[in-house]
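Here is the structure we will look at.
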Amino acid sequence: MNEEQRKHGQQANPTSAKSEKDYSQYFQSVYIPPSLKEAKKRGKEEVQYHNDFTIDDKFKGLGTGRKFYIRTYGCQMNEHDTEVMAGIFMALGYEATNNTDDADVILLNTCAIRENAENKVFGELGHLKALKRENPGLLIGVCGCMSQEESVVKKILKTYQQVDMIFGTHNIHRLPEILSEAYMSKAMVVEVWSKEGDVIENLPKVRRGNIKAWVNIMYGCDKFCTYCIVPYTRGKERSRRPEEIIQEVRSLAARGYEEVTLLGQNVNAYGKDIEDMDYGLGDLMDELRKIDIPRIRFTTSHPRDFDDHLIEVLAKRGNLVEHIHLPVQSGSTSVLKIMARKYSREVFLDLVERIKTAMPDVALTTDIIVGYPNETEEQFEETLSLYREVGFESAYTYIYSPREGTPAAKMTDNVPDDVKKDRLRRLNAVVNEFSGKSLLPYKGEIVEVLVEGESKKNPEVLAGYTRRSKLVNFKAPKTAIGKIVKVKITDTKSWSLDGEMIEEGLIGSEFQIPAEVN
Ligand code: SAH
Ligand code: SF4
Ligand code: F3S
């Protein structure tokens, strides 16, 4: 390790090492903790783009006769990372299994966003101990966002000896090396780079399903909202080159995918770090719009970088759908300020106004945190009133969970737990009310549904989503799966619609949400 790498608390990239000797020098089961302090000081280091991922001949066949199982927690980013890791496993000759009992390698791809997400993983590690006792040849690995946390790695090293490997979100491409080391070593293999992360283009992927696909457009987050762990676990914001994204979407279209969701923690910051061109999410969407694929979505939008050009492009519709997930977090300007969201209630409402003017039938959904340190009853009520004023159609709602190392975790908090729980309950009542209300006008209307498969509750019924992300359950032959079909809505519930597929030829006019719904 040279001085520069030591300073940044990171290992050098072994894939760039020239000889076996160089390689082994870097490849140690030594843990160099990621430093949260360093993460906050992140500079303007140039993003390195790599297009040279290969699996070394010595690892080929590593998985012959072996099966892998990956359990994924957290957001779509993790879901997609799992698809990449599955791709690497398959390239190594492993077979996938859905059953932990016959797996030879089990990976937990973890999420650190809230304490309960972490507790689930620790609970699962406890269960896996018995499996490891029965099958000592089993390899157990922990990867994803929890692995980037110093305290978690220390806890696993100390208390969860059944774990064979821990690797971070920047080390996924090193899976072949990590597995191979874990087979050879009796000690826990730990490889967590705290480095900001590069962009690696040509990793293999095995996508789940052939109807909808995730496409990363950027990685990391530089927003440092005071409650959030993501900027530390995912590194700095870095965008993929537009030509790579366009190429990937084109190839998905050619392979018959019906829908693509563009992924990033903060997709509206797309392009800011690309130095040789002035290019943003609006420009990207305007190009993707021309690709022959029925639906394109994106998640997640930070209100701060949502510009007028993007609104103008989204209003052109076509394959750009009328649903925007726009996390607001709180309706109180003073809470937003402490959260470091860098917009006020008024600025948010103005953005909503501009979006609705351009797209009156848009479906807006959001994320909200209640019980932020010292949140007053009045401030909470501002969240309720903002929700009603915007008319969000749905929301993910959370009680604030302190995350070690984040500024909010150091704040004193005078809001008792039962008050926080009660606020969540009150907010959820409003969310339910608005969800049900947003569905009522669909009764008797005809909607386009992308059919994803059998309904979870009843295999006799098919389920899919409209352009505005409304879940529709309806009876139709299984041959409809994977297609976009017209469904007449016969009944509306709080969270979903019931309907019946109508024959081709009976197609009615495109359904528009009546203005009074919003
Ligand atoms: N990048 C996205 C959010 C990703 S995390 C954005 O900024 O919109 C998904 C959601 O988890 C956040 O929107 C927030 O509502 C919630 N969240 C994040 N950190 C949290 C914490 N410490 N406690 C409770 N909820 C949290
Ligand atoms: Fe977290 Fe804020 Fe970044 Fe979203 S924008 S990932 S909430 S720091
Ligand atoms: Fe969780 Fe990491 Fe996603 S913390 S929400 S899995 S970016």
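Following the order of the structure tokens, first chain is A, next is B, and so on, with residues numbered from 1 inside each chain and ligands from 1 in the order they appear.
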
Once you count only C-alpha atoms and all ligand atoms, what closest atom pair and distance in Å to one decimal does each residue of chain A within 6 Å of ligand 3 have, with rows by chain and rising residue number, as a tab-separated table?
residue	atom	partner	partner_atom_place_in_ligand_line	distance
A:Gly74	CA	ligand 3	6 (S)	4.1
A:Cys75	CA	ligand 3	3 (Fe)	4.1
A:Met77	CA	ligand 3	3 (Fe)	5.7
A:Asn78	CA	ligand 3	6 (S)	5.2
A:Cys111	CA	ligand 3	1 (Fe)	3.7
A:Ala112	CA	ligand 3	4 (S)	4.0
A:Ile113	CA	ligand 3	4 (S)	4.1
A:Cys145	CA	ligand 3	2 (Fe)	4.6
A:Val230	CA	ligand 3	4 (S)	5.4

Residues as selected, all heavy atoms, written as a PDB file, in the first residue's frame, can you do that?
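File produced: out19.pdb:
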ATOM      1  N   GLY A  74     -33.169  -3.920   1.300  1.00  0.00           N
ATOM      2  CA  GLY A  74     -32.961  -2.522   0.914  1.00  0.00           C
ATOM      3  C   GLY A  74     -33.537  -2.133  -0.427  1.00  0.00           C
ATOM      4  O   GLY A  74     -34.528  -2.697  -0.878  1.00  0.00           O
ATOM      5  N   CYS A  75     -32.872  -1.178  -1.072  1.00  0.00           N
ATOM      6  CA  CYS A  75     -33.466  -0.495  -2.225  1.00  0.00           C
ATOM      7  C   CYS A  75     -33.153  -1.188  -3.559  1.00  0.00           C
ATOM      8  O   CYS A  75     -32.443  -2.187  -3.621  1.00  0.00           O
ATOM      9  CB  CYS A  75     -32.992   0.947  -2.259  1.00  0.00           C
ATOM     10  SG  CYS A  75     -31.232   1.104  -2.576  1.00  0.00           S
ATOM     11  N   MET A  77     -31.202  -0.289  -5.760  1.00  0.00           N
ATOM     12  CA  MET A  77     -29.762  -0.289  -6.030  1.00  0.00           C
ATOM     13  C   MET A  77     -29.162  -1.634  -5.611  1.00  0.00           C
ATOM     14  O   MET A  77     -28.354  -2.224  -6.310  1.00  0.00           O
ATOM     15  CB  MET A  77     -29.142   0.820  -5.185  1.00  0.00           C
ATOM     16  CG  MET A  77     -27.960   1.482  -5.769  1.00  0.00           C
ATOM     17  SD  MET A  77     -28.438   2.546  -7.084  1.00  0.00           S
ATOM     18  CE  MET A  77     -29.447   3.716  -6.223  1.00  0.00           C
ATOM     19  N   ASN A  78     -29.604  -2.084  -4.434  1.00  0.00           N
ATOM     20  CA  ASN A  78     -29.130  -3.379  -3.954  1.00  0.00           C
ATOM     21  C   ASN A  78     -29.677  -4.516  -4.815  1.00  0.00           C
ATOM     22  O   ASN A  78     -28.976  -5.484  -5.095  1.00  0.00           O
ATOM     23  CB  ASN A  78     -29.573  -3.579  -2.501  1.00  0.00           C
ATOM     24  CG  ASN A  78     -28.446  -3.321  -1.532  1.00  0.00           C
ATOM     25  OD1 ASN A  78     -27.437  -2.713  -1.885  1.00  0.00           O
ATOM     26  ND2 ASN A  78     -28.618  -3.775  -0.309  1.00  0.00           N
ATOM     27  N   CYS A 111     -28.764  -3.755   3.875  1.00  0.00           N
ATOM     28  CA  CYS A 111     -29.174  -2.348   3.839  1.00  0.00           C
ATOM     29  C   CYS A 111     -28.937  -1.736   5.221  1.00  0.00           C
ATOM     30  O   CYS A 111     -29.203  -2.379   6.233  1.00  0.00           O
ATOM     31  CB  CYS A 111     -30.651  -2.276   3.493  1.00  0.00           C
ATOM     32  SG  CYS A 111     -31.366  -0.627   3.665  1.00  0.00           S
ATOM     33  N   ALA A 112     -28.470  -0.494   5.248  1.00  0.00           N
ATOM     34  CA  ALA A 112     -28.133   0.154   6.523  1.00  0.00           C
ATOM     35  C   ALA A 112     -29.008   1.357   6.825  1.00  0.00           C
ATOM     36  O   ALA A 112     -28.734   2.102   7.759  1.00  0.00           O
ATOM     37  CB  ALA A 112     -26.663   0.597   6.467  1.00  0.00           C
ATOM     38  N   ILE A 113     -30.074   1.534   6.056  1.00  0.00           N
ATOM     39  CA  ILE A 113     -30.799   2.804   6.090  1.00  0.00           C
ATOM     40  C   ILE A 113     -31.463   3.074   7.439  1.00  0.00           C
ATOM     41  O   ILE A 113     -31.523   4.214   7.879  1.00  0.00           O
ATOM     42  CB  ILE A 113     -31.825   2.878   4.923  1.00  0.00           C
ATOM     43  CG1 ILE A 113     -32.188   4.328   4.622  1.00  0.00           C
ATOM     44  CG2 ILE A 113     -33.083   2.070   5.161  1.00  0.00           C
ATOM     45  CD1 ILE A 113     -31.246   5.032   3.753  1.00  0.00           C
ATOM     46  N   CYS A 145     -24.632  -2.368   1.921  1.00  0.00           N
ATOM     47  CA  CYS A 145     -24.358  -1.121   2.645  1.00  0.00           C
ATOM     48  C   CYS A 145     -23.883  -1.316   4.077  1.00  0.00           C
ATOM     49  O   CYS A 145     -23.074  -0.543   4.575  1.00  0.00           O
ATOM     50  CB  CYS A 145     -25.589  -0.225   2.593  1.00  0.00           C
ATOM     51  SG  CYS A 145     -25.814   0.465   0.942  1.00  0.00           S
ATOM     52  N   VAL A 230     -26.458   6.864   3.457  1.00  0.00           N
ATOM     53  CA  VAL A 230     -26.122   6.480   2.072  1.00  0.00           C
ATOM     54  C   VAL A 230     -24.846   7.137   1.518  1.00  0.00           C
ATOM     55  O   VAL A 230     -24.028   6.457   0.890  1.00  0.00           O
ATOM     56  CB  VAL A 230     -27.331   6.710   1.131  1.00  0.00           C
ATOM     57  CG1 VAL A 230     -26.952   6.508  -0.324  1.00  0.00           C
ATOM     58  CG2 VAL A 230     -28.470   5.776   1.502  1.00  0.00           C
TER      59      VAL A 230
END

Handout entry: All residues having an atom within 7 Å of ligand 1 (only C-alpha atoms and all ligand atoms) as an MDAnalysis selection string
Key = chainID A and resid 113:114 227:229 265:266 300:302 326:327 329 367:369 397:403

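Comparing A:Val189, A:Ile172, A:Leu336, A:Val451 by their smallest distance to Ile156 in chain A, the closest is A:Val189 (using only C-alpha atoms).
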
Exercise for the section: Run DSSP on the backbone and give me the residues of range 185-214 of chain A it puts in strand (DSSP E), as a count of residues only. Expected result: 8

Exercise for the section: One decimal, Å: what's the distance from CA of Tyr442 in chain A over to CA of Leu462 in chain A, could you say? Expected result: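 Pair CA of Tyr442 in chain A / CA of Leu462 in chain A returns 18.2 Å.
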
Could you produce a table of the residues of range 264-323 of chain A lying within 12 Å of range 40-60 of chain A, with the nearest pair of atoms per residue and their separation in Å rounded to one decimal, using only C-alpha atoms, ordered by chain and increasing residue number, as CSV?
residue,atom,partner,partner_atom,distance
A:Lys272,CA,A:Lys44,CA,11.6
A:Asp273,CA,A:Val47,CA,8.4
A:Ile274,CA,A:Val47,CA,8.9
A:Glu275,CA,A:Glu46,CA,9.1
A:Asp276,CA,A:Glu46,CA,11.8

Practice task
Excluding Gly61 in chain A and any residue of its chain fewer than 3 positions from it, enumerate the residues within 6 Å of it, using only C-alpha atoms, and give them as a list of chain:residue names.
Solution key: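 What passes the distance filter is A:Thr64, A:Leu92, A:Gly93.
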
Handout entry: Proximity to ligand 2 - best of A:Tyr343, A:Trp214, A:Tyr73, A:Phe167, only C-alpha atoms and all ligand atoms
Key =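 Smallest separation from ligand 2 among the options: A:Tyr343.
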
Practice task
Return the single residue from A:Lys223, A:Asp283, A:Arg289, A:Val430 that is closest to Arg304 in chain A, with distances computed using only C-alpha atoms.
Solution key: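 For Arg304 in chain A, the nearest of the given residues is A:Lys223.
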
Handout entry: Residues within 12 Å of Lys205 in chain A, only C-alpha atoms, excluding chain neighbours under 2 positions, as an MDAnalysis selection string
Key = chainID A and resid 79:91 172:173 201:203 207:209 213:215 248

Exercise for the section: Quick one: everything within 9 Å of Ser455 in chain A, counting only C-alpha atoms, minus sequence neighbours fewer than 5 positions away in the same chain. Send it as an MDAnalysis selection string. Expected result: chainID A and resid 460:464 473:474

Problem - Contacts of Val362 in chain A at 6 Å (only C-alpha atoms; same-chain gap of 3+ positions) as a PyMOL selection string - result: chain A and resi 322-323+359

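Look at range 128-135 of chain A: the protein and nucleic acid residues within 9 Å of it, using only C-alpha atoms and passing over chain neighbours fewer than 6 places away, are Thr100, Asp101, Asp104, Tyr160, Gln161, Gln162 and Val163 of chain A.
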
Practice task
State, in Å with one decimal place, the distance from CA of Gly144 in chain A to CA of Ile106 in chain A.
Solution key: 13.4 Å
